[in-house]
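Structure file input-v8.pdb; described as PDB, C-alpha atoms, pLDDT in the B column.
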ATOM      1  CA  MET A   1     -52.020  12.092   1.060  1.00 44.00           C
ATOM      2  CA  TYR A   2     -52.475  14.593  -1.777  1.00 41.00           C
ATOM      3  CA  SER A   3     -49.369  16.602  -0.823  1.00 42.00           C
ATOM      4  CA  ARG A   4     -47.204  13.460  -0.571  1.00 40.00           C
ATOM      5  CA  THR A   5     -48.358  12.382  -4.055  1.00 41.00           C
ATOM      6  CA  SER A   6     -47.705  15.877  -5.404  1.00 42.00           C
ATOM      7  CA  VAL A   7     -44.205  15.978  -3.932  1.00 39.00           C
ATOM      8  CA  HIS A   8     -43.502  12.494  -5.314  1.00 42.00           C
ATOM      9  CA  GLY A   9     -44.757  13.572  -8.749  1.00 43.00           C
ATOM     10  CA  PHE A  10     -42.670  16.735  -8.615  1.00 40.00           C
ATOM     11  CA  THR A  11     -39.552  14.728  -7.646  1.00 40.00           C
ATOM     12  CA  VAL A  12     -40.064  12.285 -10.504  1.00 38.00           C
ATOM     13  CA  THR A  13     -40.682  15.146 -12.962  1.00 40.00           C
ATOM     14  CA  CYS A  14     -37.538  16.990 -11.843  1.00 41.00           C
ATOM     15  CA  THR A  15     -35.494  13.808 -12.112  1.00 37.00           C
ATOM     16  CA  VAL A  16     -36.697  13.161 -15.666  1.00 35.00           C
ATOM     17  CA  VAL A  17     -36.145  16.767 -16.744  1.00 34.00           C
ATOM     18  CA  LEU A  18     -32.662  16.940 -15.204  1.00 37.00           C
ATOM     19  CA  SER A  19     -31.638  13.655 -16.784  1.00 36.00           C
ATOM     20  CA  LEU A  20     -32.773  14.851 -20.225  1.00 34.00           C
ATOM     21  CA  VAL A  21     -31.155  18.290 -20.050  1.00 36.00           C
ATOM     22  CA  GLY A  22     -27.442  19.021 -20.161  1.00 40.00           C
ATOM     23  CA  GLY A  23     -26.046  15.563 -20.768  1.00 41.00           C
ATOM     24  CA  ASN A  24     -25.024  14.930 -17.137  1.00 41.00           C
ATOM     25  CA  ALA A  25     -26.654  11.968 -15.493  1.00 37.00           C
ATOM     26  CA  TYR A  26     -28.505  12.907 -12.336  1.00 34.00           C
ATOM     27  CA  ALA A  27     -30.750  10.423 -10.639  1.00 35.00           C
ATOM     28  CA  ALA A  28     -32.863  10.554  -7.541  1.00 33.00           C
ATOM     29  CA  ALA A  29     -34.815   7.933  -5.711  1.00 32.00           C
ATOM     30  CA  ALA A  30     -38.289   7.877  -7.184  1.00 33.00           C
ATOM     31  CA  SER A  31     -40.063   6.647  -4.105  1.00 35.00           C
ATOM     32  CA  SER A  32     -38.971   8.568  -1.028  1.00 40.00           C
ATOM     33  CA  GLY A  33     -36.852  11.504   0.006  1.00 50.00           C
ATOM     34  CA  ASP A  34     -35.128   9.247   2.564  1.00 50.00           C
ATOM     35  CA  GLN A  35     -33.050   7.434  -0.037  1.00 53.00           C
ATOM     36  CA  PRO A  36     -29.679   8.833  -1.091  1.00 55.00           C
ATOM     37  CA  LEU A  37     -29.101  10.279  -4.510  1.00 56.00           C
ATOM     38  CA  ALA A  38     -27.441   8.018  -7.039  1.00 65.00           C
ATOM     39  CA  ALA A  39     -23.969   8.947  -8.220  1.00 76.00           C
ATOM     40  CA  ARG A  40     -23.683  11.863 -10.596  1.00 93.00           C
ATOM     41  CA  VAL A  41     -21.779  10.814 -13.697  1.00 96.00           C
ATOM     42  CA  VAL A  42     -19.037  13.175 -14.831  1.00 97.00           C
ATOM     43  CA  THR A  43     -17.434  12.261 -18.128  1.00 98.00           C
ATOM     44  CA  TYR A  44     -13.879  12.950 -19.194  1.00 98.00           C
ATOM     45  CA  ASN A  45     -12.058  12.940 -22.522  1.00 98.00           C
ATOM     46  CA  ALA A  46      -8.430  11.865 -22.214  1.00 98.00           C
ATOM     47  CA  GLY A  47      -7.896  11.810 -25.985  1.00 96.00           C
ATOM     48  CA  ALA A  48      -5.378  14.657 -25.812  1.00 98.00           C
ATOM     49  CA  SER A  49      -3.571  13.349 -22.736  1.00 98.00           C
ATOM     50  CA  ALA A  50      -0.935  11.618 -24.892  1.00 97.00           C
ATOM     51  CA  GLU A  51       1.405   9.383 -22.872  1.00 98.00           C
ATOM     52  CA  PHE A  52      -0.594  10.105 -19.687  1.00 98.00           C
ATOM     53  CA  LYS A  53      -3.866   8.413 -20.717  1.00 98.00           C
ATOM     54  CA  ALA A  54      -3.324   5.385 -18.458  1.00 98.00           C
ATOM     55  CA  ALA A  55      -2.469   7.706 -15.534  1.00 98.00           C
ATOM     56  CA  VAL A  56      -5.631   9.750 -16.166  1.00 98.00           C
ATOM     57  CA  ASP A  57      -7.759   6.603 -16.263  1.00 98.00           C
ATOM     58  CA  ARG A  58      -6.130   5.415 -13.027  1.00 98.00           C
ATOM     59  CA  GLY A  59      -6.650   8.827 -11.385  1.00 98.00           C
ATOM     60  CA  ALA A  60     -10.345   8.656 -12.288  1.00 98.00           C
ATOM     61  CA  ALA A  61     -10.510   5.084 -10.932  1.00 98.00           C
ATOM     62  CA  VAL A  62      -8.996   6.304  -7.641  1.00 98.00           C
ATOM     63  CA  TRP A  63     -11.871   8.774  -7.243  1.00 98.00           C
ATOM     64  CA  ASN A  64     -14.422   6.100  -8.199  1.00 98.00           C
ATOM     65  CA  GLU A  65     -12.978   3.820  -5.493  1.00 98.00           C
ATOM     66  CA  SER A  66     -12.966   6.639  -2.944  1.00 98.00           C
ATOM     67  CA  VAL A  67     -16.399   8.319  -3.219  1.00 97.00           C
ATOM     68  CA  ASP A  68     -19.977   7.286  -3.930  1.00 95.00           C
ATOM     69  CA  SER A  69     -21.705  10.511  -4.947  1.00 95.00           C
ATOM     70  CA  VAL A  70     -19.859  11.065  -8.223  1.00 96.00           C
ATOM     71  CA  GLU A  71     -18.550   8.691 -10.855  1.00 97.00           C
ATOM     72  CA  LEU A  72     -15.900   9.621 -13.412  1.00 98.00           C
ATOM     73  CA  ARG A  73     -16.308   7.843 -16.748  1.00 98.00           C
ATOM     74  CA  PRO A  74     -14.600   8.146 -20.100  1.00 98.00           C
ATOM     75  CA  ALA A  75     -16.883   9.959 -22.543  1.00 97.00           C
ATOM     76  CA  ALA A  76     -18.421   7.804 -25.242  1.00 96.00           C
ATOM     77  CA  ALA A  77     -17.477   8.455 -28.846  1.00 93.00           C
ATOM     78  CA  GLY A  78     -19.208  11.632 -29.992  1.00 93.00           C
ATOM     79  CA  GLN A  79     -20.284  12.564 -26.456  1.00 95.00           C
ATOM     80  CA  ARG A  80     -19.354  15.990 -25.125  1.00 96.00           C
ATOM     81  CA  ALA A  81     -17.238  15.420 -22.016  1.00 97.00           C
ATOM     82  CA  ASN A  82     -17.493  17.405 -18.787  1.00 97.00           C
ATOM     83  CA  ILE A  83     -13.709  17.319 -18.430  1.00 98.00           C
ATOM     84  CA  GLN A  84     -11.080  17.679 -21.144  1.00 98.00           C
ATOM     85  CA  VAL A  85      -7.643  16.303 -20.263  1.00 98.00           C
ATOM     86  CA  ILE A  86      -4.667  17.672 -22.174  1.00 98.00           C
ATOM     87  CA  ALA A  87      -0.946  16.932 -21.978  1.00 98.00           C
ATOM     88  CA  ASP A  88       1.371  19.907 -22.354  1.00 97.00           C
ATOM     89  CA  ASN A  89       4.884  20.983 -21.468  1.00 98.00           C
ATOM     90  CA  GLY A  90       3.910  23.314 -18.601  1.00 97.00           C
ATOM     91  CA  TRP A  91       3.142  22.695 -14.941  1.00 97.00           C
ATOM     92  CA  PRO A  92       0.004  20.634 -14.093  1.00 98.00           C
ATOM     93  CA  ARG A  93      -3.108  22.748 -13.613  1.00 98.00           C
ATOM     94  CA  ALA A  94      -6.879  22.686 -13.740  1.00 98.00           C
ATOM     95  CA  LEU A  95      -9.197  25.228 -15.296  1.00 97.00           C
ATOM     96  CA  THR A  96     -12.570  24.866 -13.604  1.00 96.00           C
ATOM     97  CA  THR A  97     -15.724  26.245 -15.179  1.00 96.00           C
ATOM     98  CA  SER A  98     -18.202  24.829 -12.643  1.00 95.00           C
ATOM     99  CA  LEU A  99     -18.450  21.850 -10.328  1.00 96.00           C
ATOM    100  CA  GLY A 100     -17.620  18.743 -12.357  1.00 96.00           C
ATOM    101  CA  ASN A 101     -16.626  20.710 -15.464  1.00 97.00           C
ATOM    102  CA  GLY A 102     -13.358  22.073 -16.793  1.00 98.00           C
ATOM    103  CA  THR A 103      -9.997  21.272 -18.325  1.00 98.00           C
ATOM    104  CA  VAL A 104      -7.103  19.405 -16.737  1.00 98.00           C
ATOM    105  CA  TYR A 105      -3.559  19.888 -18.007  1.00 98.00           C
ATOM    106  CA  ILE A 106      -1.089  17.121 -17.220  1.00 97.00           C
ATOM    107  CA  GLY A 107       2.113  19.140 -17.411  1.00 95.00           C
ATOM    108  CA  ARG A 108       5.318  17.429 -18.399  1.00 98.00           C
ATOM    109  CA  GLU A 109       7.346  19.905 -16.344  1.00 98.00           C
ATOM    110  CA  ALA A 110       6.317  18.196 -13.083  1.00 98.00           C
ATOM    111  CA  VAL A 111       6.618  14.743 -14.616  1.00 97.00           C
ATOM    112  CA  ASN A 112      10.164  15.554 -15.783  1.00 98.00           C
ATOM    113  CA  GLN A 113      10.990  16.594 -12.211  1.00 98.00           C
ATOM    114  CA  GLY A 114       9.875  13.158 -11.005  1.00 98.00           C
ATOM    115  CA  TYR A 115       6.333  13.733  -9.723  1.00 98.00           C
ATOM    116  CA  ASP A 116       4.008  10.736  -9.992  1.00 98.00           C
ATOM    117  CA  THR A 117       1.632  10.862 -12.978  1.00 98.00           C
ATOM    118  CA  VAL A 118      -1.266   9.086 -11.244  1.00 98.00           C
ATOM    119  CA  ARG A 119      -1.019  11.439  -8.241  1.00 98.00           C
ATOM    120  CA  ILE A 120      -0.946  14.424 -10.612  1.00 98.00           C
ATOM    121  CA  SER A 121      -4.030  13.130 -12.451  1.00 98.00           C
ATOM    122  CA  ALA A 122      -6.014  12.394  -9.284  1.00 98.00           C
ATOM    123  CA  HIS A 123      -5.002  15.760  -7.789  1.00 98.00           C
ATOM    124  CA  GLU A 124      -6.062  17.762 -10.855  1.00 98.00           C
ATOM    125  CA  LEU A 125      -9.341  15.822 -11.100  1.00 98.00           C
ATOM    126  CA  GLY A 126      -9.841  16.720  -7.429  1.00 98.00           C
ATOM    127  CA  HIS A 127      -9.907  20.393  -8.425  1.00 98.00           C
ATOM    128  CA  ILE A 128     -12.664  19.662 -10.955  1.00 98.00           C
ATOM    129  CA  LEU A 129     -14.549  17.905  -8.138  1.00 98.00           C
ATOM    130  CA  GLY A 130     -14.410  21.115  -6.105  1.00 97.00           C
ATOM    131  CA  LEU A 131     -11.284  20.722  -3.964  1.00 98.00           C
ATOM    132  CA  PRO A 132      -8.727  23.495  -3.425  1.00 97.00           C
ATOM    133  CA  ASP A 133      -4.982  23.101  -2.984  1.00 96.00           C
ATOM    134  CA  ARG A 134      -3.940  22.446   0.603  1.00 95.00           C
ATOM    135  CA  LYS A 135      -0.315  23.508   0.637  1.00 93.00           C
ATOM    136  CA  PRO A 136       1.891  22.852   2.355  1.00 95.00           C
ATOM    137  CA  GLY A 137       0.675  19.453   3.314  1.00 95.00           C
ATOM    138  CA  PRO A 138       1.619  15.867   3.978  1.00 97.00           C
ATOM    139  CA  CYS A 139       1.749  13.076   1.419  1.00 98.00           C
ATOM    140  CA  SER A 140      -1.427  11.636   2.970  1.00 98.00           C
ATOM    141  CA  SER A 141      -3.324  14.662   1.593  1.00 98.00           C
ATOM    142  CA  LEU A 142      -3.868  14.342  -2.156  1.00 98.00           C
ATOM    143  CA  MET A 143      -4.572  18.051  -2.434  1.00 98.00           C
ATOM    144  CA  SER A 144      -1.200  18.920  -0.897  1.00 97.00           C
ATOM    145  CA  GLY A 145       0.053  18.400  -4.446  1.00 95.00           C
ATOM    146  CA  SER A 146       3.689  19.138  -5.116  1.00 95.00           C
ATOM    147  CA  SER A 147       4.330  20.350  -1.549  1.00 96.00           C
ATOM    148  CA  ALA A 148       4.436  16.686  -0.470  1.00 97.00           C
ATOM    149  CA  GLY A 149       7.583  16.280  -2.562  1.00 97.00           C
ATOM    150  CA  VAL A 150       8.739  14.073  -5.420  1.00 97.00           C
ATOM    151  CA  PRO A 151       8.949  10.905  -3.271  1.00 98.00           C
ATOM    152  CA  CYS A 152       5.190  11.084  -2.565  1.00 98.00           C
ATOM    153  CA  LYS A 153       3.291   8.611  -4.755  1.00 98.00           C
ATOM    154  CA  ASN A 154      -0.047   8.614  -2.864  1.00 98.00           C
ATOM    155  CA  PRO A 155      -2.914   9.144  -5.353  1.00 98.00           C
ATOM    156  CA  TYR A 156      -5.712   8.717  -2.780  1.00 98.00           C
ATOM    157  CA  PRO A 157      -7.724  11.502  -1.139  1.00 98.00           C
ATOM    158  CA  ASP A 158      -7.733  11.572   2.649  1.00 98.00           C
ATOM    159  CA  ALA A 159     -10.924  11.274   4.707  1.00 98.00           C
ATOM    160  CA  ALA A 160     -11.566  15.040   4.744  1.00 97.00           C
ATOM    161  CA  GLU A 161     -11.097  15.328   0.970  1.00 98.00           C
ATOM    162  CA  LYS A 162     -13.457  12.387   0.371  1.00 97.00           C
ATOM    163  CA  ALA A 163     -16.059  13.943   2.678  1.00 97.00           C
ATOM    164  CA  GLU A 164     -15.810  17.285   0.893  1.00 97.00           C
ATOM    165  CA  VAL A 165     -16.408  15.699  -2.526  1.00 97.00           C
ATOM    166  CA  GLU A 166     -19.291  13.638  -1.097  1.00 96.00           C
ATOM    167  CA  GLY A 167     -20.775  16.878   0.211  1.00 95.00           C
ATOM    168  CA  ASN A 168     -20.246  18.671  -3.090  1.00 94.00           C
ATOM    169  CA  PHE A 169     -22.015  16.007  -5.117  1.00 93.00           C
ATOM    170  CA  GLY A 170     -24.194  14.243  -2.537  1.00 85.00           C
ATOM    171  CA  SER A 171     -26.753  17.000  -2.531  1.00 62.00           C
ATOM    172  CA  ALA A 172     -26.230  18.341  -6.049  1.00 49.00           C
ATOM    173  CA  LEU A 173     -29.974  18.300  -6.729  1.00 45.00           C
ATOM    174  CA  ALA A 174     -30.813  19.982  -3.440  1.00 41.00           C
ATOM    175  CA  ARG A 175     -29.005  23.234  -4.187  1.00 40.00           C
ATOM    176  CA  PRO A 176     -28.418  25.245  -7.351  1.00 42.00           C
ATOM    177  CA  THR A 177     -24.610  25.257  -7.368  1.00 42.00           C
ATOM    178  CA  VAL A 178     -21.584  24.503  -5.283  1.00 44.00           C
ATOM    179  CA  ALA A 179     -19.016  27.269  -5.090  1.00 46.00           C
ATOM    180  CA  VAL A 180     -16.048  26.247  -7.199  1.00 52.00           C
ATOM    181  CA  PRO A 181     -13.468  28.855  -8.026  1.00 52.00           C
ATOM    182  CA  ASN A 182     -13.532  29.590 -11.729  1.00 55.00           C
ATOM    183  CA  GLY A 183     -10.146  29.995 -13.222  1.00 58.00           C
ATOM    184  CA  VAL A 184      -6.864  28.248 -13.442  1.00 60.00           C
ATOM    185  CA  ILE A 185      -5.541  26.397 -10.445  1.00 59.00           C
ATOM    186  CA  VAL A 186      -1.817  25.964 -10.990  1.00 62.00           C
ATOM    187  CA  ASP A 187      -0.213  23.402  -8.779  1.00 64.00           C
TER     188      ASP A 187
END
Whole structure given in structure tokens:
Amino acid sequence: MYSRTSVHGFTVTCTVVLSLVGGNAYAAAASSGDQPLAARVVTYNAGASAEFKAAVDRGAAVWNESVDSVELRPAAAGQRANIQVIADNGWPRALTTSLGNGTVYIGREAVNQGYDTVRISAHELGHILGLPDRKPGPCSSLMSGSSAGVPCKNPYPDAAEKAEVEGNFGSALARPTVAVPNGVIVD
């Protein structure tokens, strides 16, 4: 009985400490280890995404519809966002700093070639969520990126991509970090 109470107290303490430190919202079930973790909130700032803001918001909504372990939300005014989204004239790319953190560039070069802006946004956000490129690949694979061709408009991750993100974030409290390549991922 004493050890169960101690473990419960430790879990509650860790949950409170983690939710107060770092600005990211982590939550765990306070009663038993059998309950799943609540979604981790990852915020994004699309203020510099120019004409692509609606596509970025839709790309984030696609991930929110597709997975349960992480939720992408616009950062509140004055809040430091986990993800910065910037429009530029280059090719789309993501600069990851750690799982759930980094910078996404929505490059006009791909848009000018006819690639779908929502697919680009969801794909680049997928890198921030820990997914690598999977090229070449079919249109059904979001992380196949540009290799699926201009006609591909699918912004949704496939079952394997969803499962990988669920795994990355589903046990975020149970392990110190998830290996995410630091650096620029140019699509």
message: Report, in Å with one decimal, the straight-line distance from atom CA of A:Arg134 to atom CA of A:Gln113.
response: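 About the pair atom CA of A:Arg134 and atom CA of A:Gln113: they are 20.5 Å apart.
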message: Could you list, as a count of residues only, every residue matched by the PyMOL selection byres ((chain A and resi 110) around 10) in this structure?
response: 19
field: From A:Gly145, A:Gly47, A:Gly126, A:Pro132, residue lying nearest A:Ser66 [all atoms listed in the file]
entry: A:Gly126
- prompt: Residues at most 8 Å from A:Val70, counting all atoms listed in the file, excluding those fewer than 6 positions away in the same chain, as a PyMOL selection string?
  reply: chain A and resi 39-42+64+166+169-170
- request: Return the single residue from A:Ser140, A:Thr43, A:Gln79, A:Ser121 that is closest to A:Asp158, with distances computed using all atoms listed in the file.
  value: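 Smallest separation from A:Asp158 among the options: A:Ser140.
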Contacts of A:Asn82 within 9 Å, only C-alpha atoms, excl. fewer than 3 positions in-chain, as a VMD selection string: chain A and resid 23 to 24 42 to 45 75 100 to 103
query: Counting all atoms listed in the file, which of A:Asp88, A:Asp68, A:Glu161, A:Glu51 gets nearest to A:Ala122?
result: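 Looking at the shortest contact to A:Ala122, the residue is A:Glu161.
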- request: Could you check which of A:Ala55, A:Leu131, A:Ala76, A:Ile86 is closest to A:Ser98, using all atoms listed in the file?
  value: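 Closest to A:Ser98, using all atoms listed in the file: A:Leu131.
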field: Minimum-distance residue to A:Val85, chosen among A:Lys153, A:Lys53, A:Lys162, A:His127 (using all atoms listed in the file)
entry: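 Looking at the shortest contact to A:Val85, the residue is A:Lys53.
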